[in-house]
>>> print(open('target_39.cif').read())   # mmCIF, N, CA and C atoms and all ligand atoms
data_work
loop_
_atom_site.label_atom_id
_atom_site.label_comp_id
_atom_site.auth_asym_id
_atom_site.auth_seq_id
_atom_site.Cartn_x
_atom_site.Cartn_y
_atom_site.Cartn_z
N MET J 1 0.85 -1.19 0.00
CA MET J 1 0.00 0.00 0.00
C MET J 1 0.88 1.24 0.00
N SER J 2 1.72 1.34 -0.98
CA SER J 2 2.70 2.42 -0.99
C SER J 2 2.09 3.78 -1.27
N ASN J 3 1.02 3.84 -2.04
CA ASN J 3 0.49 5.12 -2.43
C ASN J 3 -0.73 5.56 -1.64
N VAL J 4 -0.93 4.98 -0.46
CA VAL J 4 -2.04 5.40 0.37
C VAL J 4 -1.65 6.69 1.07
N ASN J 5 -2.45 7.69 0.86
CA ASN J 5 -2.19 8.96 1.53
C ASN J 5 -3.16 9.14 2.67
N LYS J 6 -2.61 9.34 3.86
CA LYS J 6 -3.45 9.68 5.00
C LYS J 6 -3.74 11.15 4.86
N VAL J 7 -5.00 11.49 4.67
CA VAL J 7 -5.37 12.87 4.39
C VAL J 7 -5.42 13.68 5.68
N VAL J 8 -6.18 13.20 6.62
CA VAL J 8 -6.32 13.92 7.89
C VAL J 8 -6.89 12.94 8.92
N GLU J 9 -6.58 13.21 10.17
CA GLU J 9 -6.98 12.28 11.23
C GLU J 9 -7.04 13.02 12.55
N ASN J 10 -7.98 12.64 13.41
CA ASN J 10 -7.91 13.05 14.80
C ASN J 10 -8.48 11.92 15.64
N LYS J 11 -8.84 12.15 16.88
CA LYS J 11 -9.28 11.04 17.72
C LYS J 11 -10.57 10.41 17.24
N ASN J 12 -11.36 11.14 16.44
CA ASN J 12 -12.66 10.62 16.02
C ASN J 12 -12.73 10.16 14.58
N PHE J 13 -11.67 10.31 13.80
CA PHE J 13 -11.74 9.85 12.42
C PHE J 13 -10.36 9.71 11.79
N THR J 14 -10.34 8.92 10.70
CA THR J 14 -9.16 8.81 9.85
C THR J 14 -9.64 8.90 8.41
N ALA J 15 -9.05 9.80 7.65
CA ALA J 15 -9.39 9.94 6.23
C ALA J 15 -8.15 9.62 5.41
N ILE J 16 -8.31 8.76 4.42
CA ILE J 16 -7.19 8.40 3.55
C ILE J 16 -7.61 8.58 2.10
N ASN J 17 -6.64 8.49 1.21
CA ASN J 17 -6.94 8.51 -0.22
C ASN J 17 -6.07 7.47 -0.90
N LEU J 18 -6.71 6.58 -1.65
CA LEU J 18 -6.00 5.51 -2.35
C LEU J 18 -5.55 5.93 -3.74
N GLY J 19 -5.91 7.13 -4.16
CA GLY J 19 -5.64 7.52 -5.54
C GLY J 19 -6.70 6.95 -6.46
N LYS J 20 -6.47 7.07 -7.76
CA LYS J 20 -7.47 6.61 -8.73
C LYS J 20 -7.64 5.10 -8.62
N LEU J 21 -8.89 4.66 -8.45
CA LEU J 21 -9.14 3.23 -8.29
C LEU J 21 -8.78 2.46 -9.56
N THR J 22 -8.86 3.09 -10.71
CA THR J 22 -8.50 2.41 -11.96
C THR J 22 -7.00 2.12 -12.01
N LEU J 23 -6.23 2.77 -11.14
CA LEU J 23 -4.77 2.54 -11.10
C LEU J 23 -4.37 1.69 -9.89
N LEU J 24 -5.35 1.10 -9.21
CA LEU J 24 -5.09 0.35 -7.98
C LEU J 24 -4.08 -0.78 -8.18
N SER J 25 -4.08 -1.39 -9.37
CA SER J 25 -3.14 -2.50 -9.59
C SER J 25 -1.69 -1.99 -9.57
N GLU J 26 -1.48 -0.74 -9.93
CA GLU J 26 -0.12 -0.19 -9.86
C GLU J 26 0.18 0.41 -8.49
N THR J 27 -0.80 1.11 -7.92
CA THR J 27 -0.52 1.84 -6.69
C THR J 27 -0.55 0.96 -5.44
N SER J 28 -1.35 -0.11 -5.46
CA SER J 28 -1.48 -0.94 -4.25
C SER J 28 -1.38 -2.42 -4.58
N ASN J 29 -0.68 -2.77 -5.64
CA ASN J 29 -0.56 -4.18 -6.04
C ASN J 29 -1.92 -4.84 -6.23
N GLY J 30 -2.93 -4.05 -6.57
CA GLY J 30 -4.24 -4.62 -6.86
C GLY J 30 -5.12 -4.88 -5.67
N LYS J 31 -4.64 -4.61 -4.46
CA LYS J 31 -5.47 -4.87 -3.28
C LYS J 31 -5.09 -3.92 -2.15
N ALA J 32 -6.07 -3.24 -1.60
CA ALA J 32 -5.84 -2.33 -0.48
C ALA J 32 -6.76 -2.71 0.66
N PHE J 33 -6.19 -3.14 1.77
CA PHE J 33 -6.96 -3.44 2.98
C PHE J 33 -7.02 -2.18 3.84
N LEU J 34 -8.19 -1.88 4.37
CA LEU J 34 -8.38 -0.58 5.02
C LEU J 34 -8.44 -0.61 6.54
N LYS J 35 -8.61 -1.79 7.14
CA LYS J 35 -8.82 -1.84 8.59
C LYS J 35 -7.70 -1.14 9.36
N GLU J 36 -6.46 -1.52 9.09
CA GLU J 36 -5.37 -0.97 9.89
C GLU J 36 -5.12 0.50 9.59
N ILE J 37 -5.12 0.87 8.31
CA ILE J 37 -4.80 2.27 7.99
C ILE J 37 -5.90 3.22 8.46
N THR J 38 -7.17 2.74 8.47
CA THR J 38 -8.25 3.62 8.94
C THR J 38 -8.59 3.40 10.41
N LYS J 39 -7.96 2.39 11.02
CA LYS J 39 -8.21 2.05 12.43
C LYS J 39 -9.65 1.60 12.66
N ALA J 40 -10.25 0.97 11.67
CA ALA J 40 -11.62 0.46 11.81
C ALA J 40 -11.62 -0.67 12.83
N THR J 41 -12.70 -0.80 13.58
CA THR J 41 -12.78 -1.83 14.62
C THR J 41 -13.90 -2.85 14.38
N GLY J 42 -14.78 -2.58 13.45
CA GLY J 42 -15.90 -3.51 13.23
C GLY J 42 -15.93 -4.14 11.86
N THR J 43 -15.10 -3.66 10.94
CA THR J 43 -15.10 -4.19 9.58
C THR J 43 -13.68 -4.23 9.04
N GLU J 44 -13.47 -5.16 8.13
CA GLU J 44 -12.29 -5.09 7.26
C GLU J 44 -12.85 -4.83 5.87
N ILE J 45 -12.48 -3.73 5.29
CA ILE J 45 -12.94 -3.39 3.94
C ILE J 45 -11.71 -3.40 3.04
N SER J 46 -11.87 -4.01 1.88
CA SER J 46 -10.76 -3.98 0.93
C SER J 46 -11.27 -3.54 -0.43
N LEU J 47 -10.40 -2.88 -1.17
CA LEU J 47 -10.65 -2.56 -2.57
C LEU J 47 -9.67 -3.38 -3.37
N SER J 48 -10.18 -4.04 -4.42
CA SER J 48 -9.35 -4.96 -5.18
C SER J 48 -9.56 -4.79 -6.67
N VAL J 49 -8.55 -5.21 -7.39
CA VAL J 49 -8.62 -5.27 -8.85
C VAL J 49 -8.36 -6.70 -9.27
N LEU J 50 -9.25 -7.23 -10.10
CA LEU J 50 -9.03 -8.52 -10.73
C LEU J 50 -8.75 -8.22 -12.20
N PRO J 51 -7.55 -8.57 -12.68
CA PRO J 51 -7.20 -8.22 -14.05
C PRO J 51 -8.16 -8.83 -15.08
N ALA J 52 -8.16 -8.31 -16.27
CA ALA J 52 -9.01 -8.81 -17.36
C ALA J 52 -8.81 -10.30 -17.54
N ASN J 53 -9.90 -11.00 -17.77
CA ASN J 53 -9.88 -12.44 -18.08
C ASN J 53 -9.06 -13.26 -17.08
N THR J 54 -9.33 -13.02 -15.80
CA THR J 54 -8.57 -13.67 -14.73
C THR J 54 -9.50 -14.21 -13.66
N ASP J 55 -9.17 -15.36 -13.10
CA ASP J 55 -9.90 -15.92 -11.96
C ASP J 55 -9.20 -15.50 -10.67
N LEU J 56 -9.96 -15.38 -9.58
CA LEU J 56 -9.31 -15.30 -8.27
C LEU J 56 -8.48 -16.57 -8.11
N PRO J 57 -7.33 -16.49 -7.46
CA PRO J 57 -6.43 -17.65 -7.43
C PRO J 57 -6.95 -18.83 -6.61
N PHE J 58 -7.91 -18.63 -5.73
CA PHE J 58 -8.42 -19.75 -4.92
C PHE J 58 -9.86 -19.47 -4.49
N PHE J 59 -10.60 -20.55 -4.23
CA PHE J 59 -11.89 -20.44 -3.56
C PHE J 59 -11.62 -20.41 -2.06
N HIS J 60 -12.47 -19.72 -1.32
CA HIS J 60 -12.27 -19.70 0.13
C HIS J 60 -13.59 -19.53 0.87
N SER J 61 -13.54 -19.83 2.15
CA SER J 61 -14.65 -19.56 3.06
C SER J 61 -14.06 -18.80 4.24
N HIS J 62 -14.88 -18.52 5.25
CA HIS J 62 -14.38 -17.82 6.43
C HIS J 62 -14.78 -18.56 7.69
N LYS J 63 -14.15 -18.22 8.79
CA LYS J 63 -14.46 -18.86 10.07
C LYS J 63 -15.67 -18.22 10.73
N GLN J 64 -15.70 -16.88 10.82
CA GLN J 64 -16.82 -16.21 11.50
C GLN J 64 -17.32 -14.97 10.78
N ASN J 65 -16.65 -14.54 9.74
CA ASN J 65 -17.03 -13.29 9.09
C ASN J 65 -17.82 -13.52 7.80
N GLU J 66 -18.89 -12.75 7.65
CA GLU J 66 -19.58 -12.71 6.37
C GLU J 66 -18.90 -11.66 5.50
N GLU J 67 -19.11 -11.75 4.19
CA GLU J 67 -18.52 -10.77 3.28
C GLU J 67 -19.59 -10.26 2.33
N THR J 68 -19.51 -8.97 2.01
CA THR J 68 -20.34 -8.39 0.97
C THR J 68 -19.42 -7.86 -0.12
N TYR J 69 -19.61 -8.38 -1.32
CA TYR J 69 -18.83 -7.97 -2.48
C TYR J 69 -19.65 -6.93 -3.25
N ILE J 70 -19.02 -5.82 -3.59
CA ILE J 70 -19.68 -4.77 -4.38
C ILE J 70 -18.84 -4.58 -5.64
N ILE J 71 -19.42 -4.92 -6.78
CA ILE J 71 -18.69 -4.84 -8.05
C ILE J 71 -18.83 -3.43 -8.62
N LEU J 72 -17.70 -2.77 -8.83
CA LEU J 72 -17.70 -1.40 -9.35
C LEU J 72 -17.49 -1.36 -10.85
N SER J 73 -16.76 -2.34 -11.40
CA SER J 73 -16.54 -2.38 -12.86
C SER J 73 -16.14 -3.79 -13.25
N GLY J 74 -16.23 -4.07 -14.54
CA GLY J 74 -15.90 -5.39 -15.05
C GLY J 74 -17.13 -6.28 -15.11
N GLU J 75 -16.98 -7.43 -15.70
CA GLU J 75 -18.06 -8.40 -15.82
C GLU J 75 -17.48 -9.78 -15.63
N GLY J 76 -18.27 -10.66 -15.02
CA GLY J 76 -17.76 -12.01 -14.86
C GLY J 76 -18.75 -12.91 -14.18
N LYS J 77 -18.22 -13.88 -13.49
CA LYS J 77 -19.03 -14.87 -12.79
C LYS J 77 -18.63 -14.91 -11.33
N PHE J 78 -19.63 -15.09 -10.48
CA PHE J 78 -19.40 -15.29 -9.05
C PHE J 78 -19.92 -16.68 -8.73
N GLN J 79 -19.22 -17.39 -7.89
CA GLN J 79 -19.70 -18.71 -7.51
C GLN J 79 -19.69 -18.85 -6.00
N VAL J 80 -20.80 -19.35 -5.47
CA VAL J 80 -20.88 -19.71 -4.05
C VAL J 80 -21.34 -21.16 -4.00
N ASP J 81 -20.53 -21.99 -3.35
CA ASP J 81 -20.79 -23.43 -3.29
C ASP J 81 -20.94 -23.96 -4.72
N ASP J 82 -22.08 -24.56 -5.07
CA ASP J 82 -22.18 -25.14 -6.41
C ASP J 82 -23.02 -24.28 -7.36
N LEU J 83 -23.24 -23.00 -6.98
CA LEU J 83 -24.05 -22.12 -7.82
C LEU J 83 -23.20 -20.97 -8.36
N SER J 84 -23.24 -20.79 -9.67
CA SER J 84 -22.49 -19.74 -10.34
C SER J 84 -23.47 -18.79 -11.02
N PHE J 85 -23.17 -17.49 -11.00
CA PHE J 85 -24.07 -16.52 -11.62
C PHE J 85 -23.27 -15.33 -12.13
N ASP J 86 -23.91 -14.56 -13.04
CA ASP J 86 -23.24 -13.41 -13.66
C ASP J 86 -23.14 -12.25 -12.68
N ILE J 87 -22.04 -11.52 -12.76
CA ILE J 87 -21.88 -10.27 -12.01
C ILE J 87 -21.36 -9.20 -12.95
N CYS J 88 -21.64 -7.94 -12.61
CA CYS J 88 -21.15 -6.80 -13.39
C CYS J 88 -21.25 -5.57 -12.49
N GLU J 89 -20.89 -4.41 -13.02
CA GLU J 89 -21.00 -3.17 -12.25
C GLU J 89 -22.37 -3.09 -11.59
N GLY J 90 -22.39 -2.84 -10.30
CA GLY J 90 -23.64 -2.74 -9.57
C GLY J 90 -24.05 -4.01 -8.87
N SER J 91 -23.40 -5.13 -9.19
CA SER J 91 -23.74 -6.39 -8.51
C SER J 91 -23.23 -6.33 -7.07
N ILE J 92 -24.05 -6.83 -6.15
CA ILE J 92 -23.70 -6.89 -4.74
C ILE J 92 -24.03 -8.30 -4.24
N VAL J 93 -23.05 -8.95 -3.65
CA VAL J 93 -23.23 -10.33 -3.21
C VAL J 93 -22.81 -10.44 -1.75
N ARG J 94 -23.71 -10.84 -0.89
CA ARG J 94 -23.37 -11.11 0.51
C ARG J 94 -23.22 -12.63 0.65
N VAL J 95 -22.13 -13.04 1.27
CA VAL J 95 -21.83 -14.47 1.41
C VAL J 95 -21.65 -14.78 2.90
N ALA J 96 -22.37 -15.81 3.38
CA ALA J 96 -22.23 -16.27 4.76
C ALA J 96 -20.82 -16.85 4.96
N PRO J 97 -20.33 -16.87 6.19
CA PRO J 97 -18.95 -17.33 6.41
C PRO J 97 -18.65 -18.68 5.75
N GLU J 98 -19.56 -19.63 5.90
CA GLU J 98 -19.26 -20.98 5.41
C GLU J 98 -19.42 -21.14 3.90
N GLY J 99 -19.95 -20.12 3.21
CA GLY J 99 -20.09 -20.20 1.75
C GLY J 99 -18.72 -20.25 1.09
N ILE J 100 -18.54 -21.23 0.22
CA ILE J 100 -17.25 -21.35 -0.48
C ILE J 100 -17.35 -20.53 -1.76
N ARG J 101 -16.55 -19.47 -1.83
CA ARG J 101 -16.73 -18.46 -2.87
C ARG J 101 -15.52 -18.31 -3.77
N GLY J 102 -15.82 -17.93 -4.98
CA GLY J 102 -14.77 -17.60 -5.94
C GLY J 102 -15.37 -16.72 -7.01
N MET J 103 -14.54 -16.05 -7.78
CA MET J 103 -15.07 -15.23 -8.86
C MET J 103 -14.08 -15.14 -10.00
N THR J 104 -14.60 -14.80 -11.15
CA THR J 104 -13.77 -14.65 -12.32
C THR J 104 -14.19 -13.41 -13.09
N ASN J 105 -13.21 -12.75 -13.64
CA ASN J 105 -13.47 -11.59 -14.49
C ASN J 105 -13.37 -12.08 -15.93
N THR J 106 -14.50 -12.13 -16.63
CA THR J 106 -14.50 -12.61 -18.02
C THR J 106 -14.41 -11.46 -19.02
N SER J 107 -14.29 -10.25 -18.53
CA SER J 107 -14.26 -9.10 -19.45
C SER J 107 -12.83 -8.75 -19.83
N ASN J 108 -12.71 -7.89 -20.81
CA ASN J 108 -11.39 -7.44 -21.26
C ASN J 108 -10.91 -6.21 -20.50
N ASP J 109 -11.68 -5.82 -19.50
CA ASP J 109 -11.28 -4.71 -18.63
C ASP J 109 -11.05 -5.25 -17.22
N GLN J 110 -10.30 -4.53 -16.43
CA GLN J 110 -10.11 -4.95 -15.05
C GLN J 110 -11.44 -4.90 -14.30
N MET J 111 -11.58 -5.76 -13.31
CA MET J 111 -12.75 -5.72 -12.43
C MET J 111 -12.32 -5.07 -11.13
N ILE J 112 -13.00 -4.00 -10.76
CA ILE J 112 -12.72 -3.32 -9.49
C ILE J 112 -13.87 -3.63 -8.55
N TYR J 113 -13.54 -4.07 -7.34
CA TYR J 113 -14.60 -4.42 -6.41
C TYR J 113 -14.19 -4.14 -4.97
N ILE J 114 -15.20 -3.99 -4.14
CA ILE J 114 -15.03 -3.75 -2.70
C ILE J 114 -15.51 -4.99 -1.97
N VAL J 115 -14.80 -5.39 -0.94
CA VAL J 115 -15.28 -6.46 -0.06
C VAL J 115 -15.37 -5.90 1.36
N ILE J 116 -16.54 -6.03 1.95
CA ILE J 116 -16.75 -5.61 3.34
C ILE J 116 -16.89 -6.87 4.17
N GLN J 117 -15.98 -7.02 5.11
CA GLN J 117 -15.97 -8.22 5.96
C GLN J 117 -16.34 -7.80 7.38
N SER J 118 -17.31 -8.50 7.95
CA SER J 118 -17.72 -8.20 9.33
C SER J 118 -18.22 -9.47 9.98
N LYS J 119 -18.20 -9.49 11.29
CA LYS J 119 -18.60 -10.69 12.02
C LYS J 119 -20.09 -10.94 11.82
N GLU J 120 -20.42 -12.14 11.38
CA GLU J 120 -21.81 -12.49 11.13
C GLU J 120 -22.65 -12.28 12.40
N ASN J 121 -23.80 -11.69 12.26
CA ASN J 121 -24.76 -11.43 13.35
C ASN J 121 -24.23 -10.47 14.42
N SER J 122 -23.23 -9.66 14.08
CA SER J 122 -22.68 -8.74 15.09
C SER J 122 -23.41 -7.39 15.12
N LEU J 123 -24.14 -7.07 14.06
CA LEU J 123 -24.76 -5.75 13.97
C LEU J 123 -26.03 -5.72 14.80
N GLU J 124 -26.05 -4.89 15.85
CA GLU J 124 -27.19 -4.87 16.75
C GLU J 124 -28.17 -3.75 16.43
N GLN J 125 -27.67 -2.65 15.90
CA GLN J 125 -28.54 -1.56 15.46
C GLN J 125 -27.85 -0.86 14.32
N TYR J 126 -28.62 -0.22 13.46
CA TYR J 126 -28.02 0.34 12.25
C TYR J 126 -28.89 1.47 11.71
N SER J 127 -28.33 2.20 10.76
CA SER J 127 -28.99 3.35 10.13
C SER J 127 -29.49 4.31 11.20
N MET J 128 -30.73 4.77 11.10
CA MET J 128 -31.22 5.78 12.03
C MET J 128 -31.44 5.25 13.45
N GLU J 129 -31.52 3.94 13.57
CA GLU J 129 -31.63 3.34 14.91
C GLU J 129 -30.35 3.63 15.71
N ASP J 130 -29.23 3.70 15.00
CA ASP J 130 -27.95 3.95 15.66
C ASP J 130 -27.52 5.41 15.54
N GLY J 131 -28.08 6.12 14.58
CA GLY J 131 -27.70 7.51 14.36
C GLY J 131 -28.19 8.40 15.49
N VAL J 132 -27.44 9.46 15.77
CA VAL J 132 -27.83 10.43 16.77
C VAL J 132 -27.77 11.80 16.10
N ILE J 133 -28.96 12.39 15.90
CA ILE J 133 -29.01 13.71 15.27
C ILE J 133 -28.41 14.74 16.22
N GLN J 134 -27.46 15.52 15.72
CA GLN J 134 -26.83 16.53 16.56
C GLN J 134 -27.47 17.88 16.28
N ASP J 135 -27.53 18.71 17.27
CA ASP J 135 -28.20 19.99 17.14
C ASP J 135 -27.26 21.04 16.54
N LEU J 136 -26.68 20.71 15.39
CA LEU J 136 -25.78 21.62 14.68
C LEU J 136 -25.97 21.34 13.20
N ASN J 137 -25.95 22.35 12.37
CA ASN J 137 -25.88 22.06 10.95
C ASN J 137 -24.42 22.22 10.51
N ALA J 138 -24.11 21.82 9.28
CA ALA J 138 -22.72 21.80 8.82
C ALA J 138 -22.08 23.19 8.90
N LYS J 139 -22.83 24.22 8.54
CA LYS J 139 -22.26 25.56 8.55
C LYS J 139 -21.94 26.01 9.98
N GLU J 140 -22.85 25.73 10.90
CA GLU J 140 -22.60 26.09 12.29
C GLU J 140 -21.38 25.34 12.83
N LEU J 141 -21.26 24.08 12.41
CA LEU J 141 -20.13 23.27 12.87
C LEU J 141 -18.82 23.86 12.36
N LEU J 142 -18.79 24.24 11.08
CA LEU J 142 -17.56 24.83 10.53
C LEU J 142 -17.23 26.15 11.22
N ASN J 143 -18.25 26.96 11.49
CA ASN J 143 -18.00 28.20 12.21
C ASN J 143 -17.45 27.95 13.59
N LYS J 144 -18.00 26.94 14.26
CA LYS J 144 -17.55 26.60 15.60
C LYS J 144 -16.09 26.15 15.59
N LEU J 145 -15.74 25.36 14.53
CA LEU J 145 -14.37 24.86 14.43
C LEU J 145 -13.37 25.98 14.14
N SER J 146 -13.81 27.02 13.42
CA SER J 146 -12.86 28.07 13.04
C SER J 146 -12.74 29.14 14.12
N GLU J 147 -13.50 29.02 15.20
CA GLU J 147 -13.40 30.01 16.27
C GLU J 147 -12.10 29.88 17.03
ZN ZN T 201 -12.84 -13.59 2.11
#
>>> encode(input="target_39.cif", output="structure tokens")
Amino acid sequence: MSNVNKVVENKNFTAINLGKLTLLSETSNGKAFLKEITKATGTEISLSVLPANTDLPFFHSHKQNEETYIILSGEGKFQVDDLSFDICEGSIVRVAPEGIRGMTNTSNDQMIYIVIQSKENSLEQYSMEDGVIQDLNAKELLNKLSE
């Protein structure tokens, strides 16, 4: 992950920039794991590139983590256990830990995709159930910060 730029950080956040995702194979050897660099504690998120007309090198499953694959570009096939199906930009596949998964890029362009890994059944509340509306709007917050 040589070209990861840490943009800004404080006790409540870490912001990074991976550069152009279409250049990920050059800038990050085709795979960027974000947990450590962003100090995430509940997910491992990775951005990956699968070169044109290439299979992932192995099928795999997980011990306790489910994964959600989000395909940003490319076209190909995704397989879980004995079922294979088409994927392309916009495809999203959630796989249970024990699902044996693999994928192939059948297109002549690189496939760029995100994988979000998190502990199965760990999410107790989400979206607005977990959100806390603060009594500040963005402009007021910026003014407060610049004081
Ligand atoms: Zn995995």
>>> closest_atom_pairs(input="target_39.cif", of="chain J", to="ligand ZN 201 (chain T)", cutoff="8 Å", atoms="all atoms listed in the file", output="JSON lines")
{"residue": "J:His60", "atom": "C", "partner": "T:ZN201", "partner_atom": "ZN", "distance": 6.1}
{"residue": "J:Ser61", "atom": "C", "partner": "T:ZN201", "partner_atom": "ZN", "distance": 5.8}
{"residue": "J:His62", "atom": "N", "partner": "T:ZN201", "partner_atom": "ZN", "distance": 6.2}
{"residue": "J:Asn65", "atom": "C", "partner": "T:ZN201", "partner_atom": "ZN", "distance": 7.6}
{"residue": "J:Glu66", "atom": "C", "partner": "T:ZN201", "partner_atom": "ZN", "distance": 7.2}
{"residue": "J:Glu67", "atom": "CA", "partner": "T:ZN201", "partner_atom": "ZN", "distance": 6.4}
{"residue": "J:Arg101", "atom": "CA", "partner": "T:ZN201", "partner_atom": "ZN", "distance": 8.0}
{"residue": "J:Val115", "atom": "CA", "partner": "T:ZN201", "partner_atom": "ZN", "distance": 7.8}
{"residue": "J:Gln117", "atom": "CA", "partner": "T:ZN201", "partner_atom": "ZN", "distance": 7.3}
>>> atom_distance(input="target_39.cif", atom1="atom CA of J:Ala40", atom2="atom CA of J:Phe13")
9.4 Å
>>> select_by_dssp(input="target_39.cif", residues="stretch 26-135 of chain J", states="strand (DSSP E or B)", output="PyMOL selection string")
chain J and resi 31-33+44-50+54-55+60+65-73+75-80+83-88+92-95+101-105+111-119
>>> select_by_dssp(input="target_39.cif", residues="chain J", states="helix (DSSP H, G or I)", output="CSV table (one decimal) with N, CA and C atoms, in the frame of the given file")
chain,number,residue,atom,x,y,z
J,21,LEU,N,-8.9,4.7,-8.4
J,21,LEU,CA,-9.1,3.2,-8.3
J,21,LEU,C,-8.8,2.5,-9.6
J,22,THR,N,-8.9,3.1,-10.7
J,22,THR,CA,-8.5,2.4,-12.0
J,22,THR,C,-7.0,2.1,-12.0
J,23,LEU,N,-6.2,2.8,-11.1
J,23,LEU,CA,-4.8,2.5,-11.1
J,23,LEU,C,-4.4,1.7,-9.9
J,24,LEU,N,-5.4,1.1,-9.2
J,24,LEU,CA,-5.1,0.4,-8.0
J,24,LEU,C,-4.1,-0.8,-8.2
J,25,SER,N,-4.1,-1.4,-9.4
J,25,SER,CA,-3.1,-2.5,-9.6
J,25,SER,C,-1.7,-2.0,-9.6
J,26,GLU,N,-1.5,-0.7,-9.9
J,26,GLU,CA,-0.1,-0.2,-9.9
J,26,GLU,C,0.2,0.4,-8.5
J,27,THR,N,-0.8,1.1,-7.9
J,27,THR,CA,-0.5,1.8,-6.7
J,27,THR,C,-0.6,1.0,-5.4
J,35,LYS,N,-8.6,-1.8,7.1
J,35,LYS,CA,-8.8,-1.8,8.6
J,35,LYS,C,-7.7,-1.1,9.4
J,36,GLU,N,-6.5,-1.5,9.1
J,36,GLU,CA,-5.4,-1.0,9.9
J,36,GLU,C,-5.1,0.5,9.6
J,37,ILE,N,-5.1,0.9,8.3
J,37,ILE,CA,-4.8,2.3,8.0
J,37,ILE,C,-5.9,3.2,8.5
J,38,THR,N,-7.2,2.7,8.5
J,38,THR,CA,-8.2,3.6,8.9
J,38,THR,C,-8.6,3.4,10.4
J,127,SER,N,-28.3,2.2,10.8
J,127,SER,CA,-29.0,3.4,10.1
J,127,SER,C,-29.5,4.3,11.2
J,128,MET,N,-30.7,4.8,11.1
J,128,MET,CA,-31.2,5.8,12.0
J,128,MET,C,-31.4,5.2,13.4
J,129,GLU,N,-31.5,3.9,13.6
J,129,GLU,CA,-31.6,3.3,14.9
J,129,GLU,C,-30.4,3.6,15.7
J,138,ALA,N,-24.1,21.8,9.3
J,138,ALA,CA,-22.7,21.8,8.8
J,138,ALA,C,-22.1,23.2,8.9
J,139,LYS,N,-22.8,24.2,8.5
J,139,LYS,CA,-22.3,25.6,8.6
J,139,LYS,C,-21.9,26.0,10.0
J,140,GLU,N,-22.8,25.7,10.9
J,140,GLU,CA,-22.6,26.1,12.3
J,140,GLU,C,-21.4,25.3,12.8
J,141,LEU,N,-21.3,24.1,12.4
J,141,LEU,CA,-20.1,23.3,12.9
J,141,LEU,C,-18.8,23.9,12.4
J,142,LEU,N,-18.8,24.2,11.1
J,142,LEU,CA,-17.6,24.8,10.5
J,142,LEU,C,-17.2,26.2,11.2
J,143,ASN,N,-18.2,27.0,11.5
J,143,ASN,CA,-18.0,28.2,12.2
J,143,ASN,C,-17.4,28.0,13.6
J,144,LYS,N,-18.0,26.9,14.3
J,144,LYS,CA,-17.6,26.6,15.6
J,144,LYS,C,-16.1,26.2,15.6
J,145,LEU,N,-15.7,25.4,14.5
J,145,LEU,CA,-14.4,24.9,14.4
J,145,LEU,C,-13.4,26.0,14.1
J,146,SER,N,-13.8,27.0,13.4
J,146,SER,CA,-12.9,28.1,13.0
J,146,SER,C,-12.7,29.1,14.1
>>> atom_distance(input="target_39.cif", atom1="atom CA of J:Phe33", atom2="atom C of J:Phe78")
21.9 Å
>>> closest_residue(input="target_39.cif", among="J:Asn12, J:Thr68, J:Ser28, J:Thr106", to="J:Thr43", atoms="only C-alpha atoms")
J:Thr68
